[in-house]
file structure.csv (CSV, C-alpha atoms and all ligand atoms)
chain,number,residue,atom,x,y,z
A,1,MET,CA,113.3,126.5,107.2
A,2,ASP,CA,110.1,128.5,107.7
A,3,PRO,CA,108.7,127.4,111.1
A,4,SER,CA,105.2,127.5,109.6
A,5,HIS,CA,106.2,124.9,107.1
A,6,GLN,CA,103.4,122.3,106.9
A,7,LEU,CA,104.3,118.8,108.1
A,8,GLY,CA,101.2,117.2,106.8
A,9,GLU,CA,97.7,116.7,108.4
A,10,GLY,CA,97.6,120.4,109.1
A,11,VAL,CA,100.5,120.3,111.6
A,12,ASN,CA,103.2,123.0,111.4
A,13,ALA,CA,106.6,123.0,113.1
A,14,GLY,CA,105.5,125.3,115.9
A,15,GLU,CA,102.5,123.0,116.9
A,16,LEU,CA,104.8,120.0,116.7
A,17,GLN,CA,107.2,121.4,119.2
A,18,ARG,CA,104.3,121.9,121.7
A,19,LEU,CA,103.2,118.3,121.6
A,20,THR,CA,104.2,116.0,124.4
A,21,LEU,CA,106.3,112.9,123.8
A,22,SER,CA,103.3,110.6,124.1
A,23,GLU,CA,101.3,112.7,121.6
A,24,LEU,CA,104.3,112.5,119.2
A,25,ARG,CA,104.4,108.8,119.7
A,26,GLU,CA,100.7,108.5,119.0
A,27,ARG,CA,101.1,110.5,115.8
A,28,ALA,CA,104.1,108.4,114.7
A,29,GLU,CA,102.1,105.2,115.3
A,30,ALA,CA,99.2,106.6,113.3
A,31,LEU,CA,101.5,107.6,110.5
A,32,ASP,CA,103.2,104.1,110.6
A,33,ALA,CA,99.7,102.5,110.3
A,34,ARG,CA,98.8,104.7,107.3
A,35,ILE,CA,102.1,103.7,105.6
A,36,ARG,CA,101.6,100.0,106.3
A,37,GLU,CA,98.0,100.2,104.9
A,38,HIS,CA,99.3,102.0,101.8
A,39,LEU,CA,102.0,99.5,101.2
A,40,LYS,CA,99.5,96.6,101.7
A,41,ARG,CA,97.2,98.1,99.1
A,42,ASP,CA,100.0,98.5,96.6
A,43,ALA,CA,101.2,94.9,97.1
A,44,ARG,CA,97.8,93.4,96.2
A,45,PRO,CA,98.5,90.7,93.7
A,46,ARG,CA,96.9,91.1,90.3
A,47,ALA,CA,95.9,88.5,87.8
A,48,THR,CA,97.9,88.2,84.6
A,49,VAL,CA,97.1,86.5,81.4
A,50,VAL,CA,99.6,84.8,79.0
A,51,MET,CA,99.0,82.9,75.7
A,52,GLN,CA,100.8,79.7,74.9
A,53,CYS,CA,101.1,78.2,71.5
A,54,ALA,CA,99.7,74.7,71.6
A,55,VAL,CA,102.1,73.7,68.7
A,56,CYS,CA,105.5,74.8,69.9
A,57,GLU,CA,104.7,75.6,73.6
A,58,GLN,CA,106.2,79.0,73.3
A,59,ARG,CA,104.6,81.6,75.6
A,60,GLY,CA,103.9,85.3,75.0
A,61,THR,CA,104.5,88.1,77.4
A,62,ALA,CA,102.3,88.1,80.5
A,63,ALA,CA,99.7,91.0,80.2
A,64,ASP,CA,97.1,92.5,82.5
A,65,THR,CA,94.3,91.9,79.9
A,66,ARG,CA,93.2,89.1,77.6
A,67,GLU,CA,93.3,91.4,74.7
A,68,ARG,CA,96.9,92.4,75.3
A,69,ALA,CA,97.9,88.8,75.8
A,70,ALA,CA,96.2,87.8,72.5
A,71,GLU,CA,98.2,90.4,70.5
A,72,TRP,CA,101.2,88.1,71.0
A,73,ALA,CA,99.2,85.1,69.7
A,74,PHE,CA,98.1,86.9,66.6
A,75,ARG,CA,101.7,87.9,65.8
A,76,HIS,CA,102.9,84.4,66.5
A,77,ARG,CA,100.3,82.9,64.2
A,78,GLU,CA,101.3,85.3,61.4
A,79,GLU,CA,105.0,84.6,61.8
A,80,ASN,CA,104.7,80.8,62.1
A,81,ALA,CA,102.6,78.9,59.6
A,82,GLY,CA,100.4,76.2,61.2
A,83,HIS,CA,100.7,77.7,64.7
A,84,GLY,CA,97.1,78.6,65.1
A,85,ALA,CA,96.1,76.9,68.4
A,86,PHE,CA,96.7,78.5,71.7
A,87,ARG,CA,96.0,78.2,75.4
A,88,GLU,CA,95.1,81.1,77.5
A,89,ILE,CA,96.7,80.8,80.9
A,90,THR,CA,95.4,83.1,83.7
A,91,MET,CA,97.7,83.4,86.7
A,92,ARG,CA,95.7,84.5,89.7
A,93,PRO,CA,97.8,84.9,92.8
A,94,TYR,CA,96.4,84.2,96.1
A,95,GLN,CA,97.3,85.8,99.4
A,96,TRP,CA,96.1,84.6,102.7
B,101,ZN,ZN,104.1,78.2,68.1
call {"tool": "encode", "arguments": {"input": "structure.csv", "output": "structure tokens", "more": "lines below"}}
Ligand SMILES: [Zn+2]
result
Amino acid sequence: MDPSHQLGEGVNAGELQRLTLSELRERAEALDARIREHLKRDARPRATVVMQCAVCEQRGTAADTRERAAEWAFRHREENAGHGAFREITMRPYQW
């Protein structure tokens, strides 16, 4: 491998070999912290919306917007005469 290959953050293999063990540990800890922060951001719960028929209790597919959730309700109404009343259920996860 080319020794000047970049290892991220502007560090190349040659520079990395000159670092002391404690400097390497510091960099590893900083990298671990960045990875943990990234994973935490990606794991943030998001609200979802689902429509439920008030006649037969059937539910549509959970969606990330009300409009998408309502698409199921419009189809359900067209396919099932008399099924024209729905509940909009918003699921909002909490994380403490
Ligand atoms: Zn129904």
call {"tool": "residues_near_ligand", "arguments": {"input": "structure.csv", "ligand": "ligand ZN 101 (chain B)", "cutoff": "12 Å", "atoms": "all atoms listed in the file", "output": "list in words"}}
result
Met51, Gln52, Cys53, Ala54, Val55, Cys56, Glu57, Gln58, Arg59, Gly60, Trp72, Ala73, Phe74, Arg75, His76, Arg77, Glu78, Glu79, Asn80, Ala81, Gly82, His83, Gly84, Ala85, Phe86 and Arg87 of chain A
call {"tool": "write_last_selection", "arguments": {"input": "structure.csv", "atoms": "C-alpha atoms", "output": "PDB file, keeping the file's coordinate frame"}}
result
ATOM      1  CA  MET A  51      99.000  82.900  75.700  1.00  0.00           C
ATOM      2  CA  GLN A  52     100.800  79.700  74.900  1.00  0.00           C
ATOM      3  CA  CYS A  53     101.100  78.200  71.500  1.00  0.00           C
ATOM      4  CA  ALA A  54      99.700  74.700  71.600  1.00  0.00           C
ATOM      5  CA  VAL A  55     102.100  73.700  68.700  1.00  0.00           C
ATOM      6  CA  CYS A  56     105.500  74.800  69.900  1.00  0.00           C
ATOM      7  CA  GLU A  57     104.700  75.600  73.600  1.00  0.00           C
ATOM      8  CA  GLN A  58     106.200  79.000  73.300  1.00  0.00           C
ATOM      9  CA  ARG A  59     104.600  81.600  75.600  1.00  0.00           C
ATOM     10  CA  GLY A  60     103.900  85.300  75.000  1.00  0.00           C
ATOM     11  CA  TRP A  72     101.200  88.100  71.000  1.00  0.00           C
ATOM     12  CA  ALA A  73      99.200  85.100  69.700  1.00  0.00           C
ATOM     13  CA  PHE A  74      98.100  86.900  66.600  1.00  0.00           C
ATOM     14  CA  ARG A  75     101.700  87.900  65.800  1.00  0.00           C
ATOM     15  CA  HIS A  76     102.900  84.400  66.500  1.00  0.00           C
ATOM     16  CA  ARG A  77     100.300  82.900  64.200  1.00  0.00           C
ATOM     17  CA  GLU A  78     101.300  85.300  61.400  1.00  0.00           C
ATOM     18  CA  GLU A  79     105.000  84.600  61.800  1.00  0.00           C
ATOM     19  CA  ASN A  80     104.700  80.800  62.100  1.00  0.00           C
ATOM     20  CA  ALA A  81     102.600  78.900  59.600  1.00  0.00           C
ATOM     21  CA  GLY A  82     100.400  76.200  61.200  1.00  0.00           C
ATOM     22  CA  HIS A  83     100.700  77.700  64.700  1.00  0.00           C
ATOM     23  CA  GLY A  84      97.100  78.600  65.100  1.00  0.00           C
ATOM     24  CA  ALA A  85      96.100  76.900  68.400  1.00  0.00           C
ATOM     25  CA  PHE A  86      96.700  78.500  71.700  1.00  0.00           C
ATOM     26  CA  ARG A  87      96.000  78.200  75.400  1.00  0.00           C
TER      27      ARG A  87
END
call {"tool": "atom_distance", "arguments": {"input": "structure.csv", "atom1": "atom CA of A:Arg34", "atom2": "atom CA of A:Ala13"}}
result
20.7 Å
call {"tool": "atom_distance", "arguments": {"input": "structure.csv", "atom1": "atom CA of A:Tyr94", "atom2": "atom CA of A:His38"}}
result
18.9 Å
call {"tool": "axis_aligned_box", "arguments": {"input": "structure.csv", "around": "stretch 23-39 of chain A", "padding_each_side": "6 Å", "output": "JSON"}}
result
{"center_x": 101.2, "center_y": 106.1, "center_z": 111.4, "size_x": 18.4, "size_y": 25.2, "size_z": 32.4}
call {"tool": "atom_distance", "arguments": {"input": "structure.csv", "atom1": "atom CA of A:Lys40", "atom2": "atom CA of A:Leu24"}}
result
24.1 Å
call {"tool": "closest_residue", "arguments": {"input": "structure.csv", "among": "A:Ile35, A:Ala70, A:Leu16, A:Ala62", "to": "A:Ala47", "atoms": "all atoms listed in the file"}}
result
A:Ala62
call {"tool": "closest_residue", "arguments": {"input": "structure.csv", "among": "A:Glu88, A:Arg46, A:Arg36, A:Ala30", "to": "A:Thr61", "atoms": "all atoms listed in the file"}}
result
A:Glu88
